file structure_13.txt (compact mmCIF, N, CA and C atoms)
# COMPACT_ATOMS: atom_id res chain seq x y z
N MET P 1 -3.19 -56.47 40.35
CA MET P 1 -3.46 -55.17 40.95
C MET P 1 -4.30 -54.33 39.98
N ASN P 2 -5.37 -53.76 40.47
CA ASN P 2 -6.23 -52.91 39.66
C ASN P 2 -5.64 -51.52 39.53
N TRP P 3 -6.14 -50.79 38.57
CA TRP P 3 -5.75 -49.41 38.35
C TRP P 3 -6.55 -48.50 39.27
N SER P 4 -6.05 -47.28 39.48
CA SER P 4 -6.80 -46.27 40.24
C SER P 4 -6.88 -45.00 39.41
N ILE P 5 -7.91 -44.21 39.66
CA ILE P 5 -8.11 -42.95 38.94
C ILE P 5 -8.18 -41.82 39.96
N SER P 6 -7.43 -40.76 39.67
CA SER P 6 -7.49 -39.55 40.48
C SER P 6 -7.63 -38.36 39.54
N TYR P 7 -7.79 -37.18 40.11
CA TYR P 7 -8.02 -35.97 39.33
C TYR P 7 -6.96 -34.93 39.70
N PHE P 8 -6.55 -34.15 38.70
CA PHE P 8 -5.56 -33.10 38.93
C PHE P 8 -6.00 -32.19 40.06
N ASN P 9 -7.28 -31.82 40.06
CA ASN P 9 -7.86 -31.04 41.14
C ASN P 9 -9.38 -31.24 41.13
N ASP P 10 -10.05 -30.67 42.12
CA ASP P 10 -11.50 -30.83 42.23
C ASP P 10 -12.23 -30.24 41.03
N SER P 11 -11.69 -29.15 40.47
CA SER P 11 -12.33 -28.51 39.33
C SER P 11 -12.41 -29.44 38.13
N VAL P 12 -11.36 -30.22 37.89
CA VAL P 12 -11.36 -31.16 36.77
C VAL P 12 -12.48 -32.18 36.97
N GLN P 13 -12.59 -32.71 38.18
CA GLN P 13 -13.63 -33.69 38.46
C GLN P 13 -15.02 -33.07 38.29
N GLN P 14 -15.20 -31.86 38.77
CA GLN P 14 -16.50 -31.18 38.65
C GLN P 14 -16.84 -30.90 37.19
N GLU P 15 -15.84 -30.50 36.39
CA GLU P 15 -16.08 -30.25 34.96
C GLU P 15 -16.56 -31.52 34.27
N ILE P 16 -15.89 -32.63 34.55
CA ILE P 16 -16.27 -33.90 33.91
C ILE P 16 -17.69 -34.28 34.29
N PHE P 17 -18.03 -34.15 35.57
CA PHE P 17 -19.36 -34.56 36.01
C PHE P 17 -20.43 -33.52 35.73
N SER P 18 -20.05 -32.39 35.11
CA SER P 18 -21.05 -31.43 34.63
C SER P 18 -21.29 -31.59 33.13
N PHE P 19 -20.61 -32.56 32.50
CA PHE P 19 -20.86 -32.88 31.09
C PHE P 19 -22.34 -33.25 30.92
N PRO P 20 -22.86 -33.13 29.69
CA PRO P 20 -24.22 -33.64 29.43
C PRO P 20 -24.32 -35.11 29.82
N ASN P 21 -25.51 -35.55 30.17
CA ASN P 21 -25.71 -36.90 30.70
C ASN P 21 -25.16 -38.00 29.80
N SER P 22 -25.30 -37.85 28.48
CA SER P 22 -24.81 -38.91 27.59
C SER P 22 -23.28 -39.04 27.66
N LEU P 23 -22.57 -37.91 27.79
CA LEU P 23 -21.11 -37.96 27.92
C LEU P 23 -20.70 -38.48 29.30
N LYS P 24 -21.43 -38.04 30.30
CA LYS P 24 -21.13 -38.48 31.67
C LYS P 24 -21.29 -40.00 31.79
N ALA P 25 -22.36 -40.53 31.22
CA ALA P 25 -22.58 -41.98 31.26
C ALA P 25 -21.47 -42.71 30.54
N ARG P 26 -21.03 -42.20 29.41
CA ARG P 26 -19.94 -42.81 28.65
C ARG P 26 -18.65 -42.76 29.46
N TYR P 27 -18.39 -41.62 30.11
CA TYR P 27 -17.19 -41.47 30.94
C TYR P 27 -17.18 -42.53 32.04
N ILE P 28 -18.29 -42.67 32.72
CA ILE P 28 -18.37 -43.63 33.83
C ILE P 28 -18.13 -45.05 33.31
N HIS P 29 -18.76 -45.38 32.20
CA HIS P 29 -18.58 -46.72 31.62
C HIS P 29 -17.11 -46.98 31.25
N LEU P 30 -16.51 -46.03 30.54
CA LEU P 30 -15.12 -46.24 30.09
C LEU P 30 -14.13 -46.24 31.25
N THR P 31 -14.33 -45.38 32.24
CA THR P 31 -13.39 -45.38 33.37
C THR P 31 -13.54 -46.64 34.21
N ASN P 32 -14.74 -47.21 34.27
CA ASN P 32 -14.88 -48.50 34.94
C ASN P 32 -14.08 -49.58 34.22
N LEU P 33 -14.07 -49.54 32.90
CA LEU P 33 -13.22 -50.47 32.14
C LEU P 33 -11.74 -50.22 32.40
N MET P 34 -11.36 -48.95 32.47
CA MET P 34 -9.96 -48.59 32.71
C MET P 34 -9.48 -49.09 34.07
N LEU P 35 -10.35 -49.06 35.06
CA LEU P 35 -9.97 -49.53 36.39
C LEU P 35 -9.58 -51.01 36.38
N ILE P 36 -10.17 -51.76 35.47
CA ILE P 36 -9.90 -53.20 35.38
C ILE P 36 -8.84 -53.51 34.32
N ASP P 37 -9.02 -52.93 33.13
CA ASP P 37 -8.18 -53.29 31.99
C ASP P 37 -6.97 -52.39 31.77
N GLY P 38 -6.93 -51.26 32.45
CA GLY P 38 -5.80 -50.35 32.29
C GLY P 38 -6.14 -49.11 31.50
N ALA P 39 -5.16 -48.24 31.39
CA ALA P 39 -5.36 -46.92 30.82
C ALA P 39 -5.55 -46.90 29.32
N ASN P 40 -5.06 -47.92 28.62
CA ASN P 40 -5.14 -47.93 27.17
C ASN P 40 -6.23 -48.88 26.69
N LEU P 41 -7.40 -48.34 26.42
CA LEU P 41 -8.50 -49.14 25.90
C LEU P 41 -8.43 -49.27 24.39
N GLY P 42 -7.59 -48.47 23.76
CA GLY P 42 -7.45 -48.49 22.31
C GLY P 42 -8.53 -47.67 21.63
N MET P 43 -8.31 -47.44 20.34
CA MET P 43 -9.27 -46.67 19.55
C MET P 43 -10.54 -47.49 19.42
N PRO P 44 -11.68 -46.89 19.44
CA PRO P 44 -11.95 -45.46 19.40
C PRO P 44 -12.12 -44.81 20.79
N TYR P 45 -11.76 -45.53 21.84
CA TYR P 45 -12.02 -45.05 23.20
C TYR P 45 -10.90 -44.21 23.79
N THR P 46 -9.66 -44.60 23.55
CA THR P 46 -8.51 -43.84 24.04
C THR P 46 -7.53 -43.64 22.90
N LYS P 47 -6.75 -42.56 23.00
CA LYS P 47 -5.76 -42.27 21.97
C LYS P 47 -4.53 -41.66 22.63
N ALA P 48 -3.35 -42.13 22.24
CA ALA P 48 -2.10 -41.55 22.73
C ALA P 48 -1.87 -40.23 22.00
N MET P 49 -1.57 -39.19 22.76
CA MET P 49 -1.33 -37.87 22.19
C MET P 49 0.16 -37.56 22.12
N GLY P 50 1.00 -38.45 22.68
CA GLY P 50 2.44 -38.26 22.66
C GLY P 50 3.01 -37.84 23.99
N ASN P 51 4.23 -38.27 24.26
CA ASN P 51 4.97 -37.89 25.48
C ASN P 51 4.24 -38.26 26.77
N GLY P 52 3.45 -39.32 26.75
CA GLY P 52 2.79 -39.78 27.96
C GLY P 52 1.41 -39.20 28.20
N LEU P 53 0.93 -38.38 27.27
CA LEU P 53 -0.40 -37.79 27.38
C LEU P 53 -1.38 -38.61 26.54
N PHE P 54 -2.57 -38.85 27.10
CA PHE P 54 -3.61 -39.61 26.41
C PHE P 54 -4.92 -38.85 26.47
N GLU P 55 -5.84 -39.24 25.57
CA GLU P 55 -7.19 -38.67 25.65
C GLU P 55 -8.20 -39.79 25.71
N LEU P 56 -9.20 -39.57 26.55
CA LEU P 56 -10.36 -40.44 26.64
C LEU P 56 -11.40 -39.80 25.73
N ARG P 57 -11.87 -40.56 24.75
CA ARG P 57 -12.73 -40.03 23.70
C ARG P 57 -14.18 -40.38 24.01
N LEU P 58 -14.98 -39.36 24.26
CA LEU P 58 -16.37 -39.56 24.66
C LEU P 58 -17.30 -39.07 23.55
N GLN P 59 -18.19 -39.93 23.11
CA GLN P 59 -19.17 -39.58 22.10
C GLN P 59 -20.55 -39.69 22.73
N GLY P 60 -21.29 -38.59 22.72
CA GLY P 60 -22.64 -38.60 23.26
C GLY P 60 -23.67 -38.43 22.16
N LYS P 61 -24.92 -38.26 22.54
CA LYS P 61 -25.99 -38.09 21.56
C LYS P 61 -25.78 -36.83 20.73
N ASP P 62 -25.48 -35.73 21.40
CA ASP P 62 -25.44 -34.44 20.73
C ASP P 62 -24.07 -33.78 20.71
N CYS P 63 -23.08 -34.40 21.34
CA CYS P 63 -21.78 -33.73 21.42
C CYS P 63 -20.66 -34.74 21.63
N ILE P 64 -19.45 -34.21 21.56
CA ILE P 64 -18.24 -35.01 21.75
C ILE P 64 -17.43 -34.35 22.85
N GLY P 65 -16.91 -35.16 23.76
CA GLY P 65 -16.09 -34.65 24.84
C GLY P 65 -14.75 -35.35 24.88
N ARG P 66 -13.79 -34.71 25.48
CA ARG P 66 -12.47 -35.30 25.67
C ARG P 66 -12.03 -35.08 27.11
N VAL P 67 -11.35 -36.09 27.64
CA VAL P 67 -10.72 -35.98 28.95
C VAL P 67 -9.26 -36.37 28.74
N MET P 68 -8.36 -35.45 29.00
CA MET P 68 -6.94 -35.69 28.84
C MET P 68 -6.40 -36.27 30.15
N TYR P 69 -5.53 -37.28 30.03
CA TYR P 69 -5.00 -37.93 31.22
C TYR P 69 -3.59 -38.45 30.98
N CYS P 70 -2.92 -38.79 32.08
CA CYS P 70 -1.61 -39.43 32.01
C CYS P 70 -1.60 -40.59 33.00
N THR P 71 -0.58 -41.39 32.93
CA THR P 71 -0.44 -42.51 33.87
C THR P 71 0.83 -42.33 34.68
N LEU P 72 0.79 -42.87 35.87
CA LEU P 72 1.94 -42.82 36.77
C LEU P 72 2.25 -44.24 37.22
N VAL P 73 3.37 -44.41 37.92
CA VAL P 73 3.75 -45.72 38.43
C VAL P 73 2.65 -46.25 39.34
N ASN P 74 2.68 -47.54 39.59
CA ASN P 74 1.69 -48.21 40.44
C ASN P 74 0.27 -48.14 39.86
N GLN P 75 0.20 -48.12 38.54
CA GLN P 75 -1.08 -48.19 37.82
C GLN P 75 -2.05 -47.09 38.24
N GLN P 76 -1.57 -45.86 38.22
CA GLN P 76 -2.39 -44.70 38.55
C GLN P 76 -2.72 -43.93 37.27
N ILE P 77 -3.97 -43.56 37.13
CA ILE P 77 -4.42 -42.71 36.02
C ILE P 77 -4.81 -41.37 36.63
N VAL P 78 -4.28 -40.28 36.06
CA VAL P 78 -4.60 -38.95 36.56
C VAL P 78 -5.33 -38.18 35.46
N MET P 79 -6.58 -37.81 35.72
CA MET P 79 -7.37 -37.01 34.80
C MET P 79 -6.92 -35.56 34.94
N LEU P 80 -6.48 -34.97 33.83
CA LEU P 80 -5.84 -33.66 33.86
C LEU P 80 -6.73 -32.51 33.42
N HIS P 81 -7.53 -32.73 32.38
CA HIS P 81 -8.29 -31.63 31.77
C HIS P 81 -9.42 -32.23 30.94
N SER P 82 -10.53 -31.52 30.86
CA SER P 82 -11.65 -31.99 30.04
C SER P 82 -12.26 -30.82 29.29
N PHE P 83 -12.91 -31.14 28.18
CA PHE P 83 -13.59 -30.11 27.39
C PHE P 83 -14.58 -30.77 26.44
N ILE P 84 -15.54 -29.97 26.00
CA ILE P 84 -16.48 -30.37 24.96
C ILE P 84 -15.85 -29.95 23.64
N LYS P 85 -15.77 -30.88 22.72
CA LYS P 85 -15.08 -30.63 21.46
C LYS P 85 -16.01 -29.92 20.48
N LYS P 86 -15.49 -28.83 19.89
CA LYS P 86 -16.28 -28.04 18.95
C LYS P 86 -15.65 -27.99 17.56
N THR P 87 -14.42 -28.49 17.45
CA THR P 87 -13.71 -28.50 16.17
C THR P 87 -13.15 -29.89 15.92
N GLN P 88 -12.70 -30.13 14.68
CA GLN P 88 -12.15 -31.43 14.32
C GLN P 88 -10.88 -31.74 15.11
N LYS P 89 -9.98 -30.77 15.20
CA LYS P 89 -8.71 -30.97 15.90
C LYS P 89 -8.85 -30.56 17.37
N THR P 90 -8.01 -31.14 18.19
CA THR P 90 -7.95 -30.75 19.60
C THR P 90 -7.40 -29.34 19.67
N PRO P 91 -8.12 -28.41 20.29
CA PRO P 91 -7.63 -27.03 20.39
C PRO P 91 -6.29 -26.96 21.11
N LYS P 92 -5.38 -26.17 20.57
CA LYS P 92 -4.04 -26.02 21.13
C LYS P 92 -4.09 -25.58 22.59
N HIS P 93 -5.01 -24.69 22.90
CA HIS P 93 -5.16 -24.19 24.27
C HIS P 93 -5.44 -25.35 25.25
N ASP P 94 -6.36 -26.21 24.88
CA ASP P 94 -6.70 -27.34 25.75
C ASP P 94 -5.55 -28.33 25.84
N LEU P 95 -4.87 -28.56 24.74
CA LEU P 95 -3.71 -29.45 24.74
C LEU P 95 -2.61 -28.90 25.65
N ASN P 96 -2.36 -27.60 25.58
CA ASN P 96 -1.33 -26.98 26.42
C ASN P 96 -1.65 -27.07 27.90
N ILE P 97 -2.93 -26.90 28.25
CA ILE P 97 -3.33 -27.03 29.66
C ILE P 97 -3.01 -28.44 30.15
N ALA P 98 -3.39 -29.44 29.36
CA ALA P 98 -3.15 -30.83 29.75
C ALA P 98 -1.66 -31.13 29.88
N ILE P 99 -0.86 -30.63 28.95
CA ILE P 99 0.59 -30.87 28.99
C ILE P 99 1.21 -30.22 30.23
N GLU P 100 0.83 -28.98 30.52
CA GLU P 100 1.36 -28.30 31.71
C GLU P 100 0.99 -29.06 32.99
N ARG P 101 -0.24 -29.51 33.06
CA ARG P 101 -0.68 -30.23 34.25
C ARG P 101 0.03 -31.58 34.37
N MET P 102 0.21 -32.27 33.24
CA MET P 102 0.92 -33.55 33.26
C MET P 102 2.35 -33.35 33.75
N ASN P 103 3.01 -32.32 33.25
CA ASN P 103 4.38 -32.05 33.68
C ASN P 103 4.44 -31.75 35.17
N GLU P 104 3.47 -31.01 35.67
CA GLU P 104 3.43 -30.71 37.10
C GLU P 104 3.22 -31.98 37.92
N VAL P 105 2.30 -32.81 37.51
CA VAL P 105 2.03 -34.08 38.22
C VAL P 105 3.29 -34.95 38.24
N LYS P 106 3.94 -35.07 37.10
CA LYS P 106 5.10 -35.94 37.02
C LYS P 106 6.30 -35.39 37.79
N ARG P 107 6.40 -34.07 37.92
CA ARG P 107 7.47 -33.47 38.73
C ARG P 107 7.30 -33.80 40.21
N HIS P 108 6.07 -33.98 40.64
CA HIS P 108 5.80 -34.19 42.07
C HIS P 108 5.66 -35.66 42.45
N VAL P 109 5.91 -36.55 41.51
CA VAL P 109 5.83 -37.99 41.81
C VAL P 109 7.11 -38.42 42.51
N LYS P 110 6.93 -39.13 43.59
CA LYS P 110 8.10 -39.64 44.31
C LYS P 110 8.55 -40.94 43.66
N PRO P 111 9.87 -41.07 43.37
CA PRO P 111 10.37 -42.29 42.72
C PRO P 111 10.23 -43.53 43.58

call {"tool": "encode", "arguments": {"input": "structure_13.txt", "output": "structure tokens"}}
result
Amino acid sequence: MNWSISYFNDSVQQEIFSFPNSLKARYIHLTNLMLIDGANLGMPYTKAMGNGLFELRLQGKDCIGRVMYCTLVNQQIVMLHSFIKKTQKTPKHDLNIAIERMNEVKRHVKP
């Protein structure tokens, strides 16, 4: 069974696809791999952030982007939040958004 990818909402999908072309191309390439190989591609492509939250690490020509995601039963990947990285560490604000959205998604999953 292959994996599937969904988005927390339309805004998350629009934000990702408004990334600069180099990041967008990297996103498409890595998510195509995720659909076949699963959510954990390993470093330097994916990183576990703890408690079920992961980041997809995108490196482009001129910038770095991150897409935070979680996984659900039945091999589902849910993209929660994205941003262009401007500092070494993941900004607390962006991390909190992703955590809140992950908790909301997991609360609404039917067992």

call {"tool": "closest_residue", "arguments": {"input": "structure_13.txt", "among": "P:Ile16, P:Leu80, P:Leu53, P:Cys70", "to": "Ile97 of chain P", "atoms": "only N, CA and C atoms"}}
result
P:Leu80

call {"tool": "residues_around", "arguments": {"input": "structure_13.txt", "residues": "Ala98 of chain P", "least_positions_apart": "3", "cutoff": "7 Å", "atoms": "all atoms listed in the file", "output": "short mmCIF file (atom, residue, chain, number, x, y, z; two decimals) with N, CA and C atoms, in the frame of the given file"}}
result
data_model
loop_
_atom_site.label_atom_id
_atom_site.label_comp_id
_atom_site.auth_asym_id
_atom_site.auth_seq_id
_atom_site.Cartn_x
_atom_site.Cartn_y
_atom_site.Cartn_z
N MET P 68 -8.36 -35.45 29.00
CA MET P 68 -6.94 -35.69 28.84
C MET P 68 -6.40 -36.27 30.15
N TYR P 69 -5.53 -37.28 30.03
CA TYR P 69 -5.00 -37.93 31.22
C TYR P 69 -3.59 -38.45 30.98
N LEU P 80 -6.48 -34.97 33.83
CA LEU P 80 -5.84 -33.66 33.86
C LEU P 80 -6.73 -32.51 33.42
N HIS P 81 -7.53 -32.73 32.38
CA HIS P 81 -8.29 -31.63 31.77
C HIS P 81 -9.42 -32.23 30.94
N HIS P 93 -5.01 -24.69 22.90
CA HIS P 93 -5.16 -24.19 24.27
C HIS P 93 -5.44 -25.35 25.25
N ASP P 94 -6.36 -26.21 24.88
CA ASP P 94 -6.70 -27.34 25.75
C ASP P 94 -5.55 -28.33 25.84
N LEU P 95 -4.87 -28.56 24.74
CA LEU P 95 -3.71 -29.45 24.74
C LEU P 95 -2.61 -28.90 25.65
N ARG P 101 -0.24 -29.51 33.06
CA ARG P 101 -0.68 -30.23 34.25
C ARG P 101 0.03 -31.58 34.37
N MET P 102 0.21 -32.27 33.24
CA MET P 102 0.92 -33.55 33.26
C MET P 102 2.35 -33.35 33.75
N ASN P 103 3.01 -32.32 33.25
CA ASN P 103 4.38 -32.05 33.68
C ASN P 103 4.44 -31.75 35.17
#

call {"tool": "atom_distance", "arguments": {"input": "structure_13.txt", "atom1": "atom N of Ser4 of chain P", "atom2": "atom C of Ala48 of chain P"}}
result
19.3 Å

call {"tool": "select_by_dssp", "arguments": {"input": "structure_13.txt", "residues": "segment 10-102 of chain P", "states": "strand (DSSP E)", "output": "PyMOL selection string"}}
result
chain P and resi 46-50+53-59+64-72+76-85

call {"tool": "closest_residue", "arguments": {"input": "structure_13.txt", "among": "P:Leu23, P:Val105, P:Ile5, P:Val12", "to": "Leu58 of chain P", "atoms": "all atoms listed in the file"}}
result
P:Leu23

call {"tool": "select_by_dssp", "arguments": {"input": "structure_13.txt", "residues": "segment 15-82 of chain P", "states": "alpha helix (DSSP H)", "output": "ChimeraX atom specification"}}
result
/P:15-16,21-37

call {"tool": "write_last_selection", "arguments": {"input": "structure_13.txt", "atoms": "N, CA and C atoms", "output": "tab-separated table (two decimals), keeping the file's coordinate frame"}}
result
chain	number	residue	atom	x	y	z
P	15	GLU	N	-15.84	-30.50	36.39
P	15	GLU	CA	-16.08	-30.25	34.96
P	15	GLU	C	-16.56	-31.52	34.27
P	16	ILE	N	-15.89	-32.63	34.55
P	16	ILE	CA	-16.27	-33.90	33.91
P	16	ILE	C	-17.69	-34.28	34.29
P	21	ASN	N	-25.51	-35.55	30.17
P	21	ASN	CA	-25.71	-36.90	30.70
P	21	ASN	C	-25.16	-38.00	29.80
P	22	SER	N	-25.30	-37.85	28.48
P	22	SER	CA	-24.81	-38.91	27.59
P	22	SER	C	-23.28	-39.04	27.66
P	23	LEU	N	-22.57	-37.91	27.79
P	23	LEU	CA	-21.11	-37.96	27.92
P	23	LEU	C	-20.70	-38.48	29.30
P	24	LYS	N	-21.43	-38.04	30.30
P	24	LYS	CA	-21.13	-38.48	31.67
P	24	LYS	C	-21.29	-40.00	31.79
P	25	ALA	N	-22.36	-40.53	31.22
P	25	ALA	CA	-22.58	-41.98	31.26
P	25	ALA	C	-21.47	-42.71	30.54
P	26	ARG	N	-21.03	-42.20	29.41
P	26	ARG	CA	-19.94	-42.81	28.65
P	26	ARG	C	-18.65	-42.76	29.46
P	27	TYR	N	-18.39	-41.62	30.11
P	27	TYR	CA	-17.19	-41.47	30.94
P	27	TYR	C	-17.18	-42.53	32.04
P	28	ILE	N	-18.29	-42.67	32.72
P	28	ILE	CA	-18.37	-43.63	33.83
P	28	ILE	C	-18.13	-45.05	33.31
P	29	HIS	N	-18.76	-45.38	32.20
P	29	HIS	CA	-18.58	-46.72	31.62
P	29	HIS	C	-17.11	-46.98	31.25
P	30	LEU	N	-16.51	-46.03	30.54
P	30	LEU	CA	-15.12	-46.24	30.09
P	30	LEU	C	-14.13	-46.24	31.25
P	31	THR	N	-14.33	-45.38	32.24
P	31	THR	CA	-13.39	-45.38	33.37
P	31	THR	C	-13.54	-46.64	34.21
P	32	ASN	N	-14.74	-47.21	34.27
P	32	ASN	CA	-14.88	-48.50	34.94
P	32	ASN	C	-14.08	-49.58	34.22
P	33	LEU	N	-14.07	-49.54	32.90
P	33	LEU	CA	-13.22	-50.47	32.14
P	33	LEU	C	-11.74	-50.22	32.40
P	34	MET	N	-11.36	-48.95	32.47
P	34	MET	CA	-9.96	-48.59	32.71
P	34	MET	C	-9.48	-49.09	34.07
P	35	LEU	N	-10.35	-49.06	35.06
P	35	LEU	CA	-9.97	-49.53	36.39
P	35	LEU	C	-9.58	-51.01	36.38
P	36	ILE	N	-10.17	-51.76	35.47
P	36	ILE	CA	-9.90	-53.20	35.38
P	36	ILE	C	-8.84	-53.51	34.32
P	37	ASP	N	-9.02	-52.93	33.13
P	37	ASP	CA	-8.18	-53.29	31.99
P	37	ASP	C	-6.97	-52.39	31.77

call {"tool": "closest_residue", "arguments": {"input": "structure_13.txt", "among": "P:Ile84, P:Thr46, P:Asn9, P:Leu35", "to": "Ile64 of chain P", "atoms": "all atoms listed in the file"}}
result
P:Ile84

call {"tool": "residues_around", "arguments": {"input": "structure_13.txt", "residues": "Phe8 of chain P", "least_positions_apart": "5", "cutoff": "6.5 Å", "atoms": "all atoms listed in the file", "output": "ChimeraX atom specification"}}
result
/P:13,78-80

call {"tool": "decode", "arguments": {"input": "structure_13.txt", "residues": "segment 62-70 of chain P", "atoms": "all heavy atoms", "output": "PDB file, in the first residue's frame"}}
result
ATOM      1  N   ASP P  62      18.694  29.734  -3.317  1.00  0.00           N
ATOM      2  CA  ASP P  62      18.892  30.951  -2.539  1.00  0.00           C
ATOM      3  C   ASP P  62      18.281  30.923  -1.144  1.00  0.00           C
ATOM      4  O   ASP P  62      18.407  31.898  -0.409  1.00  0.00           O
ATOM      5  CB  ASP P  62      18.285  32.145  -3.286  1.00  0.00           C
ATOM      6  CG  ASP P  62      18.879  32.303  -4.667  1.00  0.00           C
ATOM      7  OD1 ASP P  62      20.071  31.992  -4.838  1.00  0.00           O
ATOM      8  OD2 ASP P  62      18.142  32.742  -5.580  1.00  0.00           O
ATOM      9  N   CYS P  63      17.583  29.845  -0.803  1.00  0.00           N
ATOM     10  CA  CYS P  63      16.898  29.846   0.484  1.00  0.00           C
ATOM     11  C   CYS P  63      16.657  28.419   0.975  1.00  0.00           C
ATOM     12  O   CYS P  63      16.882  27.447   0.269  1.00  0.00           O
ATOM     13  CB  CYS P  63      15.582  30.610   0.398  1.00  0.00           C
ATOM     14  SG  CYS P  63      14.476  30.014  -0.882  1.00  0.00           S
ATOM     15  N   ILE P  64      16.178  28.351   2.206  1.00  0.00           N
ATOM     16  CA  ILE P  64      15.866  27.082   2.851  1.00  0.00           C
ATOM     17  C   ILE P  64      14.416  27.146   3.307  1.00  0.00           C
ATOM     18  O   ILE P  64      13.973  28.149   3.866  1.00  0.00           O
ATOM     19  CB  ILE P  64      16.787  26.849   4.070  1.00  0.00           C
ATOM     20  CG1 ILE P  64      18.240  26.718   3.608  1.00  0.00           C
ATOM     21  CG2 ILE P  64      16.355  25.629   4.860  1.00  0.00           C
ATOM     22  CD1 ILE P  64      19.238  26.696   4.744  1.00  0.00           C
ATOM     23  N   GLY P  65      13.681  26.079   3.069  1.00  0.00           N
ATOM     24  CA  GLY P  65      12.296  26.013   3.495  1.00  0.00           C
ATOM     25  C   GLY P  65      12.050  24.781   4.345  1.00  0.00           C
ATOM     26  O   GLY P  65      12.821  23.817   4.306  1.00  0.00           O
ATOM     27  N   ARG P  66      11.003  24.833   5.125  1.00  0.00           N
ATOM     28  CA  ARG P  66      10.597  23.701   5.939  1.00  0.00           C
ATOM     29  C   ARG P  66       9.093  23.499   5.790  1.00  0.00           C
ATOM     30  O   ARG P  66       8.327  24.453   5.701  1.00  0.00           O
ATOM     31  CB  ARG P  66      10.912  23.935   7.418  1.00  0.00           C
ATOM     32  CG  ARG P  66      12.389  24.058   7.741  1.00  0.00           C
ATOM     33  CD  ARG P  66      13.089  22.715   7.589  1.00  0.00           C
ATOM     34  NE  ARG P  66      14.456  22.757   8.032  1.00  0.00           N
ATOM     35  CZ  ARG P  66      15.504  22.887   7.245  1.00  0.00           C
ATOM     36  NH1 ARG P  66      15.338  23.007   5.938  1.00  0.00           N
ATOM     37  NH2 ARG P  66      16.732  22.891   7.732  1.00  0.00           N
ATOM     38  N   VAL P  67       8.710  22.225   5.767  1.00  0.00           N
ATOM     39  CA  VAL P  67       7.295  21.859   5.790  1.00  0.00           C
ATOM     40  C   VAL P  67       7.139  20.889   6.955  1.00  0.00           C
ATOM     41  O   VAL P  67       7.764  19.829   6.978  1.00  0.00           O
ATOM     42  CB  VAL P  67       6.833  21.207   4.469  1.00  0.00           C
ATOM     43  CG1 VAL P  67       5.363  20.829   4.555  1.00  0.00           C
ATOM     44  CG2 VAL P  67       7.088  22.131   3.283  1.00  0.00           C
ATOM     45  N   MET P  68       6.340  21.264   7.929  1.00  0.00           N
ATOM     46  CA  MET P  68       6.105  20.436   9.101  1.00  0.00           C
ATOM     47  C   MET P  68       4.935  19.505   8.799  1.00  0.00           C
ATOM     48  O   MET P  68       3.938  19.924   8.199  1.00  0.00           O
ATOM     49  CB  MET P  68       5.785  21.308  10.316  1.00  0.00           C
ATOM     50  CG  MET P  68       6.745  22.470  10.530  1.00  0.00           C
ATOM     51  SD  MET P  68       8.437  21.976  10.826  1.00  0.00           S
ATOM     52  CE  MET P  68       8.339  21.491  12.512  1.00  0.00           C
ATOM     53  N   TYR P  69       5.069  18.235   9.216  1.00  0.00           N
ATOM     54  CA  TYR P  69       4.022  17.264   8.930  1.00  0.00           C
ATOM     55  C   TYR P  69       3.947  16.208  10.028  1.00  0.00           C
ATOM     56  O   TYR P  69       4.824  16.096  10.876  1.00  0.00           O
ATOM     57  CB  TYR P  69       4.255  16.594   7.569  1.00  0.00           C
ATOM     58  CG  TYR P  69       5.486  15.710   7.480  1.00  0.00           C
ATOM     59  CD1 TYR P  69       5.402  14.342   7.712  1.00  0.00           C
ATOM     60  CD2 TYR P  69       6.725  16.246   7.164  1.00  0.00           C
ATOM     61  CE1 TYR P  69       6.532  13.524   7.628  1.00  0.00           C
ATOM     62  CE2 TYR P  69       7.855  15.454   7.074  1.00  0.00           C
ATOM     63  CZ  TYR P  69       7.749  14.095   7.313  1.00  0.00           C
ATOM     64  OH  TYR P  69       8.864  13.299   7.229  1.00  0.00           O
ATOM     65  N   CYS P  70       2.851  15.454  10.001  1.00  0.00           N
ATOM     66  CA  CYS P  70       2.689  14.311  10.900  1.00  0.00           C
ATOM     67  C   CYS P  70       2.145  13.148  10.082  1.00  0.00           C
ATOM     68  O   CYS P  70       1.779  13.315   8.920  1.00  0.00           O
ATOM     69  CB  CYS P  70       1.757  14.636  12.075  1.00  0.00           C
ATOM     70  SG  CYS P  70       0.034  14.942  11.627  1.00  0.00           S
TER      71      CYS P  70
END
